[in-house]
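What's in upload_5.cif: mmCIF, C-alpha atoms
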```cif
data_target
#
loop_
_atom_site.label_atom_id
_atom_site.label_comp_id
_atom_site.auth_asym_id
_atom_site.auth_seq_id
_atom_site.Cartn_x
_atom_site.Cartn_y
_atom_site.Cartn_z
CA MET S 22 0.00 0.00 0.00
CA MET S 23 1.21 3.46 -0.83
CA ARG S 24 3.13 5.56 1.68
CA ARG S 25 0.88 7.85 3.60
CA PHE S 26 2.68 10.84 2.17
CA VAL S 27 1.39 11.64 -1.29
CA TRP S 28 4.40 12.87 -3.21
CA ILE S 29 2.86 15.08 -5.90
CA GLY S 30 5.38 16.22 -8.47
CA ALA S 31 9.11 16.48 -7.87
CA VAL S 32 10.34 17.53 -4.47
CA VAL S 33 12.35 20.72 -4.69
CA ALA S 34 14.89 21.68 -2.06
CA LEU S 35 13.29 24.64 -0.31
CA GLY S 36 14.20 24.34 2.15
CA ALA S 37 29.61 14.52 24.67
CA CYS S 38 28.87 13.98 27.64
CA GLY S 39 29.39 15.39 31.17
CA ASP S 40 30.14 13.58 34.38
CA ASP S 41 28.39 10.26 34.77
CA SER S 42 26.16 10.22 37.83
CA SER S 43 25.81 6.45 37.74
CA GLY S 44 29.52 5.77 37.32
CA GLY S 45 31.66 3.99 34.76
CA LEU S 46 29.64 4.73 31.62
CA PHE S 47 31.88 7.21 29.82
CA ASP S 48 35.17 7.11 28.02
CA ASP S 49 36.65 10.40 29.16
CA GLY S 50 33.96 12.18 31.16
CA THR S 51 34.13 15.24 28.93
CA VAL S 52 31.63 17.02 26.73
CA THR S 53 32.20 18.93 23.54
CA ALA S 54 29.67 21.72 23.12
CA ASP S 55 29.11 23.91 20.09
CA ASP S 56 31.72 26.53 19.21
CA ASP S 57 30.33 29.30 21.34
CA GLY S 58 29.78 27.02 24.31
CA ASP S 59 26.04 27.52 24.16
CA ASP S 60 23.28 25.66 22.40
CA ASP S 61 21.57 28.14 20.14
CA GLY S 62 17.88 28.60 20.56
CA THR S 63 17.63 27.19 24.06
CA GLY S 64 15.96 28.75 27.05
CA GLU S 65 14.33 27.99 30.31
CA ALA S 66 12.74 24.59 30.72
CA GLY S 67 9.16 24.42 29.64
CA ASP S 68 8.93 27.51 27.47
CA ASP S 69 10.98 27.73 24.27
CA ASP S 70 9.95 24.33 22.90
CA GLY S 71 6.39 25.54 22.70
CA GLU S 72 5.56 22.56 24.86
CA ALA S 73 3.12 22.19 27.70
CA SER S 74 4.93 21.24 30.89
CA SER S 75 4.66 22.05 34.52
CA GLY S 76 7.57 24.42 34.04
CA GLY S 77 5.49 26.60 31.73
CA SER S 78 2.57 25.36 29.66
CA ALA S 79 2.26 26.55 26.10
CA GLU S 80 -1.19 27.20 24.75
CA ASP S 81 -2.54 24.64 22.30
CA THR S 82 -3.55 26.65 19.27
CA THR S 83 -5.79 24.01 17.68
CA THR S 84 -8.01 25.42 14.96
CA SER S 85 -10.83 23.16 13.92
CA GLY S 86 -10.79 24.55 10.40
CA ALA S 87 -7.30 23.18 9.86
CA THR S 88 -8.31 19.58 10.33
CA VAL S 89 -9.03 17.72 7.13
CA ASP S 90 -11.39 14.88 7.95
CA GLU S 91 -10.50 12.50 5.21
CA GLY S 92 -9.23 8.95 5.29
CA PRO S 93 -5.82 7.92 4.05
CA SER S 94 -5.43 7.58 0.30
CA GLU S 95 -4.65 4.12 -0.99
CA GLY S 96 -3.52 2.25 -4.04
CA PRO S 97 -0.16 0.90 -5.07
CA GLY S 98 1.22 1.97 -8.40
CA GLU S 99 0.35 -0.28 -11.30
CA THR S 100 2.97 -2.08 -13.35
CA THR S 101 3.06 -0.84 -16.93
CA THR S 102 2.88 -3.65 -19.46
CA THR S 103 3.36 -3.76 -23.20
CA ASP S 104 1.05 -5.46 -25.68
CA PRO S 105 2.81 -8.80 -26.43
CA THR S 106 1.53 -8.68 -30.01
CA ALA S 107 2.95 -5.25 -30.78
CA ALA S 108 5.54 -5.20 -33.55
CA ASP S 109 8.89 -3.44 -33.52
CA GLU S 110 8.62 -0.26 -35.57
CA THR S 111 11.80 -0.89 -37.52
CA THR S 112 11.76 -4.67 -38.05
CA GLY S 113 8.13 -5.62 -37.86
CA GLU S 114 9.06 -8.49 -35.51
CA PRO S 115 7.13 -9.11 -32.31
CA THR S 116 8.68 -7.26 -29.39
CA SER S 117 9.54 -8.62 -25.95
CA ASP S 118 6.69 -8.00 -23.53
CA THR S 119 6.69 -7.13 -19.84
CA SER S 120 4.17 -9.74 -18.78
CA GLY S 121 6.55 -12.69 -18.47
CA GLU S 122 5.17 -14.49 -21.54
CA THR S 123 7.49 -16.34 -23.92
CA THR S 124 8.46 -14.23 -26.94
CA SER S 125 9.06 -15.24 -30.55
CA ASP S 126 12.75 -15.95 -29.88
CA GLY S 127 11.92 -18.46 -27.14
CA THR S 128 13.03 -16.29 -24.23
CA GLU S 129 10.85 -15.22 -21.37
CA GLY S 130 9.76 -11.61 -21.46
CA GLY S 131 10.36 -9.50 -18.38
CA SER S 132 10.02 -5.89 -17.35
CA THR S 133 13.21 -3.86 -17.30
CA GLU S 134 11.58 -1.15 -15.21
CA ASP S 135 9.33 -1.75 -12.23
CA THR S 136 6.86 1.08 -12.05
CA GLY S 137 4.76 -0.47 -9.29
CA ALA S 138 4.56 0.28 -5.61
CA ASN S 139 7.95 -1.33 -4.90
CA SER S 140 9.89 0.40 -7.67
CA ASP S 141 13.18 2.10 -6.80
CA GLN S 142 14.31 4.05 -9.83
CA ASP S 143 17.44 5.52 -8.21
CA ASP S 144 18.51 2.20 -6.60
CA ASP S 145 19.06 3.74 -3.17
CA GLY S 146 17.13 1.04 -1.30
CA LEU S 147 14.06 3.23 -0.75
CA PRO S 148 10.85 2.41 -2.64
CA ASP S 149 9.77 5.35 -4.74
CA ASP S 150 6.56 5.75 -2.73
CA ASP S 151 8.68 6.23 0.41
CA ASP S 152 11.42 8.34 -1.19
CA PRO S 153 11.04 12.14 -1.27
CA PHE S 154 13.83 12.16 -3.90
CA PRO S 155 12.99 9.11 -6.06
CA ALA S 156 15.39 10.13 -8.85
CA ASP S 157 18.37 11.10 -6.64
CA PRO S 158 20.43 8.22 -5.15
CA ASN S 159 22.23 10.62 -2.77
CA LEU S 160 19.11 11.95 -1.05
CA PRO S 161 17.61 11.85 1.45
CA GLY S 162 20.04 9.36 3.03
CA VAL S 163 19.21 6.97 5.87
CA VAL S 164 20.18 6.71 9.52
CA GLU S 165 22.96 4.46 10.81
CA GLN S 166 22.25 1.23 12.66
CA ASN S 167 21.83 0.99 16.46
CA LEU S 168 21.60 4.73 17.05
CA ILE S 169 19.06 7.11 18.52
CA TYR S 170 18.90 10.47 16.73
CA ALA S 171 18.40 13.27 19.26
CA HIS S 172 18.44 17.01 18.78
CA THR S 173 18.35 20.44 20.35
CA SER S 174 16.44 23.23 18.63
CA SER S 175 19.36 23.76 16.26
CA GLN S 176 21.72 20.74 16.28
CA LEU S 177 21.54 17.02 15.49
CA TYR S 178 23.25 14.30 17.57
CA THR S 179 23.37 10.51 17.73
CA MET S 180 23.47 8.26 20.77
CA SER S 181 24.40 4.58 20.82
CA VAL S 182 21.71 2.30 22.21
CA TYR S 183 24.41 0.25 23.96
CA GLU S 184 26.67 1.10 26.88
CA PRO S 185 28.42 3.42 27.34
CA TYR S 186 25.68 5.25 25.36
CA ASP S 187 28.12 7.49 23.51
CA ILE S 188 26.75 10.75 22.16
CA ALA S 189 28.19 12.24 18.95
CA PHE S 190 27.56 15.60 17.29
CA VAL S 191 26.38 15.38 13.67
CA ASP S 192 25.99 19.01 12.60
CA ASP S 193 23.91 22.13 12.88
CA PHE S 194 20.56 21.86 11.14
CA SER S 195 20.64 23.75 7.85
CA PHE S 196 17.87 24.73 5.49
CA PRO S 197 19.52 25.33 2.09
CA GLN S 198 16.63 27.19 0.43
CA GLY S 199 14.43 28.49 3.19
CA GLY S 200 11.94 27.38 5.77
CA VAL S 201 14.51 27.87 8.51
CA GLY S 202 13.26 27.42 12.05
CA GLN S 203 13.75 25.76 15.41
CA VAL S 204 13.38 21.98 15.21
CA THR S 205 10.72 20.89 17.68
CA ASP S 206 10.79 17.13 17.00
CA ALA S 207 11.92 14.34 14.69
CA ALA S 208 10.69 10.95 13.47
CA ILE S 209 12.28 8.05 11.54
CA ASP S 210 10.40 5.61 9.31
CA GLN S 211 10.98 1.88 8.80
CA PHE S 212 13.51 2.57 6.03
CA GLY S 213 15.60 4.95 8.14
CA VAL S 214 14.50 8.23 6.57
CA LEU S 215 14.65 11.15 9.03
CA TYR S 216 11.90 13.77 9.12
CA VAL S 217 11.65 16.85 11.35
CA VAL S 218 9.17 19.60 12.10
CA THR S 219 9.62 23.20 13.13
CA PHE S 220 6.79 25.29 14.50
CA ASP S 221 5.64 26.00 10.94
CA ASN S 222 7.01 23.45 8.46
CA PHE S 223 7.72 19.79 7.71
CA PHE S 224 11.13 18.65 6.38
CA VAL S 225 13.09 15.59 5.35
CA CYS S 226 16.72 15.67 6.53
CA ASN S 227 19.94 13.98 5.56
CA PRO S 228 20.97 12.26 8.83
CA ALA S 229 24.66 12.43 7.89
CA THR S 230 24.73 16.21 7.35
CA ALA S 231 21.59 17.59 9.09
CA GLU S 232 20.62 19.35 5.85
CA CYS S 233 16.83 19.66 5.77
CA TYR S 234 14.62 20.03 2.71
CA LEU S 235 11.19 21.61 2.92
CA LEU S 236 8.29 19.30 2.07
CA GLY S 237 5.28 21.28 3.22
CA ALA S 238 3.70 23.75 5.61
CA LEU S 239 1.99 22.69 8.83
CA PRO S 240 -1.56 23.92 9.48
CA GLU S 241 -0.51 24.28 13.13
CA SER S 242 2.42 23.31 15.31
CA HIS S 243 2.93 19.97 17.07
CA ASN S 244 5.35 19.42 19.93
CA ALA S 245 5.72 15.67 19.32
CA LEU S 246 6.17 13.58 16.19
CA THR S 247 6.39 9.85 15.55
CA PHE S 248 5.75 7.22 12.92
CA ILE S 249 3.59 4.25 13.86
CA PRO S 250 4.63 0.93 12.27
CA PRO S 251 3.18 -0.91 9.28
CA GLY S 252 0.17 -3.01 10.18
CA THR S 253 -1.26 -0.35 12.47
CA LEU S 254 -3.10 2.42 10.64
CA ASP S 255 -1.81 1.20 7.27
CA ASP S 256 -1.43 -2.51 6.50
CA ASP S 257 1.84 -2.08 4.61
CA ASP S 258 3.41 1.23 5.53
CA ASP S 259 4.30 3.62 8.33
CA SER S 260 1.92 6.43 9.22
CA LEU S 261 3.07 9.80 10.55
CA ILE S 262 1.52 11.06 13.79
CA GLY S 263 1.72 14.57 15.19
CA ILE S 264 0.81 15.23 18.82
CA ALA S 265 -0.48 18.62 19.93
CA ASN S 266 0.25 20.19 23.31
CA SER S 267 -3.27 19.20 24.37
CA GLY S 268 -2.48 15.52 23.77
CA ALA S 269 -4.48 15.32 20.53
CA TRP S 270 -3.21 12.41 18.35
CA ARG S 271 -3.28 13.35 14.65
CA TYR S 272 -2.54 11.53 11.43
CA LEU S 273 -0.46 13.77 9.13
CA GLU S 274 -0.43 13.43 5.35
CA LEU S 275 1.63 15.42 2.88
CA SER S 276 -0.31 16.51 -0.18
CA GLY S 277 1.39 18.91 -2.54
CA ASN S 278 3.15 21.50 -0.38
CA MET S 279 0.72 21.31 2.54
CA VAL S 280 0.39 18.85 5.40
CA ASN S 281 -3.21 17.78 5.98
CA MET S 282 -4.22 16.31 9.31
CA MET S 283 -6.97 14.17 10.76
CA GLN S 284 -7.46 13.73 14.50
CA LEU S 285 -7.56 10.07 15.56
CA GLY S 286 -8.05 10.63 19.28
CA SER S 287 -6.13 11.92 22.29
CA TYR S 288 -4.35 10.77 25.45
CA GLY S 289 -7.43 11.44 27.56
CA GLY S 290 -7.52 11.20 31.34
CA GLY S 291 -6.28 14.76 31.71
CA TYR S 292 -2.85 14.02 30.20
CA THR S 293 -1.19 16.66 28.00
CA SER S 294 1.93 16.25 25.86
CA SER S 295 5.25 16.95 27.49
CA GLY S 296 7.00 16.64 24.19
CA ASP S 297 7.56 13.30 22.47
CA SER S 298 6.44 9.81 21.53
CA PHE S 299 7.84 6.73 19.80
CA SER S 300 6.35 3.57 18.33
CA ILE S 301 8.26 0.40 17.43
CA SER S 302 6.85 -2.80 15.98
CA GLY S 303 6.91 -5.54 18.62
CA VAL S 304 8.02 -3.10 21.34
CA GLY S 305 5.10 -0.72 21.82
CA THR S 306 4.07 2.93 21.68
CA TYR S 307 5.06 5.30 24.49
CA SER S 308 4.81 9.02 25.20
CA SER S 309 6.11 11.57 27.68
CA VAL S 310 3.26 13.52 29.26
CA ASN S 311 2.74 16.10 31.96
CA GLY S 312 1.92 14.32 35.20
CA LEU S 313 -1.44 14.59 36.93
CA GLY S 314 -1.18 16.52 40.19
CA THR S 315 2.61 16.61 39.99
CA PHE S 316 5.28 18.78 38.43
CA ASP S 317 7.12 15.67 37.21
CA ASP S 318 6.75 14.16 33.75
CA VAL S 319 5.33 10.68 33.29
CA VAL S 320 5.98 8.02 30.64
CA ILE S 321 2.77 6.33 29.48
CA GLU S 322 1.95 3.47 27.12
CA VAL S 323 -0.36 4.49 24.27
CA ASP S 324 -2.76 2.87 21.82
CA PRO S 325 -1.13 3.83 18.47
CA LEU S 326 -4.48 3.86 16.62
CA THR S 327 -6.11 6.47 18.85
CA GLY S 328 -3.42 7.90 21.10
CA THR S 329 -5.41 6.82 24.17
CA ALA S 330 -3.32 6.35 27.31
CA LEU S 331 -3.28 2.67 28.30
CA GLY S 332 -1.41 3.10 31.56
CA GLU S 333 1.54 4.73 33.28
CA VAL S 334 5.00 3.22 33.01
CA GLY S 335 6.59 5.47 35.61
CA THR S 336 7.09 8.98 36.92
CA LEU S 337 10.35 10.77 36.06
CA THR S 338 10.81 12.37 39.46
CA GLY S 339 12.73 15.64 39.22
CA TYR S 340 12.24 16.02 35.45
CA THR S 341 9.64 18.36 33.97
CA SER S 342 10.82 18.87 30.38
CA THR S 343 11.37 15.46 28.77
CA TYR S 344 10.99 16.77 25.25
CA GLY S 345 12.70 13.75 23.66
CA LEU S 346 11.64 10.11 23.90
CA ALA S 347 12.97 7.09 22.01
CA GLY S 348 13.24 3.38 22.67
CA TRP S 349 14.73 0.01 21.88
CA ASP S 350 13.92 -3.55 22.77
CA GLY S 351 13.50 -3.45 26.54
CA ALA S 352 14.57 0.17 26.96
CA ILE S 353 13.13 3.68 26.91
CA PHE S 354 15.43 6.70 26.56
CA ALA S 355 14.18 10.08 27.84
CA PHE S 356 15.98 13.28 26.83
CA ASP S 357 15.33 16.21 29.15
CA GLU S 358 15.86 19.88 28.35
CA SER S 359 18.10 20.06 31.42
CA GLY S 360 20.66 18.02 29.45
CA ASP S 361 20.20 14.70 31.22
CA VAL S 362 19.47 11.48 29.33
CA LEU S 363 17.56 8.83 31.27
CA LEU S 364 17.30 5.09 30.77
CA VAL S 365 13.81 3.97 31.80
CA ASP S 366 12.84 0.35 32.44
CA PRO S 367 9.50 -0.17 30.64
CA ASN S 368 8.56 -3.01 33.01
CA THR S 369 9.20 -1.34 36.36
CA GLY S 370 9.20 2.37 35.52
CA THR S 371 12.49 2.89 37.36
CA PHE S 372 15.14 5.03 35.71
CA GLU S 373 18.77 6.02 35.91
CA VAL S 374 20.79 8.90 34.44
CA ILE S 375 23.07 7.54 31.71
CA ASN S 376 24.33 10.85 30.28
CA GLU S 377 24.73 14.32 31.73
CA THR S 378 25.24 16.92 29.04
CA THR S 379 25.03 20.67 28.51
CA TYR S 380 22.58 20.25 25.63
CA ALA S 381 18.98 21.42 25.92
CA TRP S 382 17.28 18.43 24.33
CA TRP S 383 14.16 19.18 22.28
CA GLY S 384 13.48 15.78 20.70
CA ALA S 385 14.62 12.28 19.78
CA ALA S 386 13.75 9.69 17.15
CA VAL S 387 14.07 6.00 16.36
CA GLY S 388 12.76 3.88 13.50
CA THR S 389 9.54 1.87 13.64
CA VAL S 390 11.24 -1.44 12.88
CA LEU S 391 14.33 -2.85 14.65
CA PRO S 392 17.19 -3.28 14.18
CA GLN S 393 17.89 0.12 12.66
#
```
Let me see the file written as structure tokens.
Amino acid sequence: MMRRFVWIGAVVALGACGDDSSGGLFDDGTVTADDDGDDDGTGEAGDDDGEASSGGSAEDTTTSGATVDEGPSEGPGETTTTDPTAADETTGEPTSDTSGETTSDGTEGGSTEDTGANSDQDDDGLPDDDDPFPADPNLPGVVEQNLIYAHTSSQLYTMSVYEPYDIAFVDDFSFPQGGVGQVTDAAIDQFGVLYVVTFDNFFVCNPATAECYLLGALPESHNALTFIPPGTLDDDDDSLIGIANSGAWRYLELSGNMVNMMQLGSYGGGYTSSGDSFSISGVGTYSSVNGLGTFDDVVIEVDPLTGTALGEVGTLTGYTSTYGLAGWDGAIFAFDESGDVLLVDPNTGTFEVINETTYAWWGAAVGTVLPQ
């Protein structure tokens, strides 16, 4: 089934660690910050991410007129075939067909170009329906294996999912032909393609360079972004979900140069979004939310079809701005704007600090299918 983004026409480019509080997890105990020693675009916890948290709730600016109440489009591309009886224009002999039938010379006909749903014209490993640059083998690029991709408002980093959970700087986000903004969250699909949102726009980014290319405008901002795996909303493909500050769970679809959205549900129970969510096939769907009757953030398990909270995993005592959330098999990683990275046990809800940094984390992302 076709990717839930509808790529209409060609896409044009418009667009470290501190001391270890748990002991023994780091190579040298040092952190390398950006050149000026400060993470651009950061501020006090709970305000400059546009996110609702106990440190400073941001108003959810939902406008009902922006929601497009339409179901996902469907239909794989059809394979183009040639009439097996058609004659060659120059020789008059029957031509080889694309249907697999035996031709006049005794050989089996076969298509030399797959134009169906699984075609990959630039041979970059991404099906055309899932490739924003289907004719360019160098773009958009895919993420590396066994890494979480985390970010501040202006810089992209990676973190190993294995001890000692090394963090590495990738680069400053850049927007070659416009649409520049502060990156509020990121998401990675099953193929390893990295997407990000700012307050106003939706981009695809090269994970090796942090160059981001404008795909479309957002009807309103979302402080959390995730893909949900194939077999959930779509039988065969990932589906992109945006979460509003209010906890509204919305299916996002790119059409032309605009992102349409349809609300599927919400967290409910009084929960609002602290800032992130992730969903992995066979692992589950989890979100960071603002706690009920507490200043501390809470990790909850979520129904990926509706966004409804299924139950609390645990309270992140002392942390109120967990704007980044990612996971792995048997692990949840929470990235707080304070700079700390937490390892949360999804079974017990207990957590430990695995990285102390000077970075004001605004988001994190992992693919919907492991390993990746």
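Between atom CA of Asp350 of chain S and atom CA of Val387 of chain S the separation is 11.5 Å.
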Quick one, how far is atom CA of Gly370 of chain S from atom CA of Ala171 of chain S? 21.6 Å
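Evaluated on this file, the PyMOL selection byres ((chain S and resi 317) around 7) matches Asn311, Gly312, Thr315, Phe316, Asp318, Val319, Thr336, Leu337, Thr338, Gly339, Tyr340 and Thr341 of chain S.
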Expand the PyMOL selection byres ((chain S and resi 324-326) around 12) into the explicit residue set it covers here, and present it as number ranges by chain. S: 247-255, 259-264, 270-272, 284-289, 298-302, 304-308, 321-323, 327-332, 389
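Candidate residues S:Asp257, S:Tyr216, S:Trp349, S:Ser140 were compared for distance to Leu168 of chain S, and the nearest is S:Trp349, using only C-alpha atoms.
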Residues selected by the PyMOL selection byres ((chain S and resi 265) around 7), written as a VMD selection string: chain S and resid 81 243 to 245 263 to 264 266 to 270 294
If we count all atoms listed in the file and set the cut-off at 8 Å, which residues sit around Trp382 of chain S, ignoring sequence neighbours fewer than 5 positions away in its own chain? Please answer as a compact mmCIF listing (two decimals) with C-alpha atoms, in the coordinates of the input.
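Heads up, here's the output in selection-v4.txt:
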```txt
# COMPACT_ATOMS: atom_id res chain seq x y z
CA ALA S 171 18.40 13.27 19.26
CA HIS S 172 18.44 17.01 18.78
CA THR S 173 18.35 20.44 20.35
CA SER S 174 16.44 23.23 18.63
CA THR S 343 11.37 15.46 28.77
CA TYR S 344 10.99 16.77 25.25
CA GLY S 345 12.70 13.75 23.66
CA PHE S 356 15.98 13.28 26.83
CA ASP S 357 15.33 16.21 29.15
CA GLU S 358 15.86 19.88 28.35
CA SER S 359 18.10 20.06 31.42
CA GLY S 360 20.66 18.02 29.45
```
Here is a test: counting only C-alpha atoms, which residue of S:Asn167, S:Thr179, S:Asn278, S:Thr230 is nearest to Ser195 of chain S? S:Thr230
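Using all atoms listed in the file, the nearest neighbour of Leu215 of chain S within the list S:Gly202, S:Pro155, S:Pro185, S:Pro228 is S:Pro228.
Going from atom CA of Ile353 of chain S over to atom CA of Val365 of chain S, you cover 4.9 Å.
Protein and nucleic acid residues near (24.5, 4.4, 20.2) are Glu165, Gln166, Asn167, Leu168, Ile169, Tyr170, Thr179, Met180, Ser181, Val182, Tyr183, Glu184, Pro185, Tyr186, Asp187, Ile188 and Ala189 of chain S, the criterion being any atom at most 10 Å away using all atoms listed in the file.
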When you get a chance, write out N, CA and C atoms for segment 138-156 of chain S, as a PDB file, in the frame of the given file.
```pdb
ATOM      1  N   ALA S 138       4.402  -0.315  -6.929  1.00  0.00           N
ATOM      2  CA  ALA S 138       4.560   0.280  -5.610  1.00  0.00           C
ATOM      3  C   ALA S 138       5.937   0.031  -5.022  1.00  0.00           C
ATOM      4  N   ASN S 139       6.639  -1.008  -5.460  1.00  0.00           N
ATOM      5  CA  ASN S 139       7.950  -1.330  -4.900  1.00  0.00           C
ATOM      6  C   ASN S 139       9.102  -0.878  -5.781  1.00  0.00           C
ATOM      7  N   SER S 140       8.835  -0.043  -6.773  1.00  0.00           N
ATOM      8  CA  SER S 140       9.890   0.400  -7.670  1.00  0.00           C
ATOM      9  C   SER S 140      10.875   1.308  -6.937  1.00  0.00           C
ATOM     10  N   ASP S 141      12.110   1.304  -7.387  1.00  0.00           N
ATOM     11  CA  ASP S 141      13.180   2.100  -6.800  1.00  0.00           C
ATOM     12  C   ASP S 141      14.065   2.584  -7.946  1.00  0.00           C
ATOM     13  N   GLN S 142      13.647   3.635  -8.603  1.00  0.00           N
ATOM     14  CA  GLN S 142      14.310   4.050  -9.830  1.00  0.00           C
ATOM     15  C   GLN S 142      15.732   4.546  -9.621  1.00  0.00           C
ATOM     16  N   ASP S 143      16.074   5.051  -8.426  1.00  0.00           N
ATOM     17  CA  ASP S 143      17.440   5.520  -8.210  1.00  0.00           C
ATOM     18  C   ASP S 143      18.305   4.500  -7.464  1.00  0.00           C
ATOM     19  N   ASP S 144      17.757   3.292  -7.215  1.00  0.00           N
ATOM     20  CA  ASP S 144      18.510   2.200  -6.600  1.00  0.00           C
ATOM     21  C   ASP S 144      19.183   2.582  -5.282  1.00  0.00           C
ATOM     22  N   ASP S 145      18.481   3.360  -4.457  1.00  0.00           N
ATOM     23  CA  ASP S 145      19.060   3.740  -3.170  1.00  0.00           C
ATOM     24  C   ASP S 145      18.491   2.923  -2.011  1.00  0.00           C
ATOM     25  N   GLY S 146      17.695   1.886  -2.331  1.00  0.00           N
ATOM     26  CA  GLY S 146      17.130   1.040  -1.300  1.00  0.00           C
ATOM     27  C   GLY S 146      15.815   1.523  -0.735  1.00  0.00           C
ATOM     28  N   LEU S 147      15.331   2.687  -1.208  1.00  0.00           N
ATOM     29  CA  LEU S 147      14.060   3.230  -0.750  1.00  0.00           C
ATOM     30  C   LEU S 147      13.028   3.100  -1.860  1.00  0.00           C
ATOM     31  N   PRO S 148      11.906   2.439  -1.621  1.00  0.00           N
ATOM     32  CA  PRO S 148      10.850   2.410  -2.640  1.00  0.00           C
ATOM     33  C   PRO S 148      10.436   3.813  -3.013  1.00  0.00           C
ATOM     34  N   ASP S 149      10.106   4.018  -4.268  1.00  0.00           N
ATOM     35  CA  ASP S 149       9.770   5.350  -4.740  1.00  0.00           C
ATOM     36  C   ASP S 149       8.651   6.001  -3.929  1.00  0.00           C
ATOM     37  N   ASP S 150       7.673   5.190  -3.506  1.00  0.00           N
ATOM     38  CA  ASP S 150       6.560   5.750  -2.730  1.00  0.00           C
ATOM     39  C   ASP S 150       7.005   6.266  -1.371  1.00  0.00           C
ATOM     40  N   ASP S 151       8.172   5.821  -0.897  1.00  0.00           N
ATOM     41  CA  ASP S 151       8.680   6.230   0.410  1.00  0.00           C
ATOM     42  C   ASP S 151       9.925   7.116   0.285  1.00  0.00           C
ATOM     43  N   ASP S 152      10.212   7.583  -0.910  1.00  0.00           N
ATOM     44  CA  ASP S 152      11.420   8.340  -1.190  1.00  0.00           C
ATOM     45  C   ASP S 152      11.061   9.747  -1.653  1.00  0.00           C
ATOM     46  N   PRO S 153      11.322  10.775  -0.843  1.00  0.00           N
ATOM     47  CA  PRO S 153      11.040  12.140  -1.270  1.00  0.00           C
ATOM     48  C   PRO S 153      11.861  12.582  -2.479  1.00  0.00           C
ATOM     49  N   PHE S 154      12.966  11.869  -2.755  1.00  0.00           N
ATOM     50  CA  PHE S 154      13.830  12.160  -3.900  1.00  0.00           C
ATOM     51  C   PHE S 154      13.986  10.882  -4.723  1.00  0.00           C
ATOM     52  N   PRO S 155      12.946  10.422  -5.395  1.00  0.00           N
ATOM     53  CA  PRO S 155      12.990   9.110  -6.060  1.00  0.00           C
ATOM     54  C   PRO S 155      13.973   9.017  -7.218  1.00  0.00           C
ATOM     55  N   ALA S 156      14.449  10.155  -7.738  1.00  0.00           N
ATOM     56  CA  ALA S 156      15.390  10.130  -8.850  1.00  0.00           C
ATOM     57  C   ALA S 156      16.803  10.498  -8.432  1.00  0.00           C
TER      58      ALA S 156
END
```
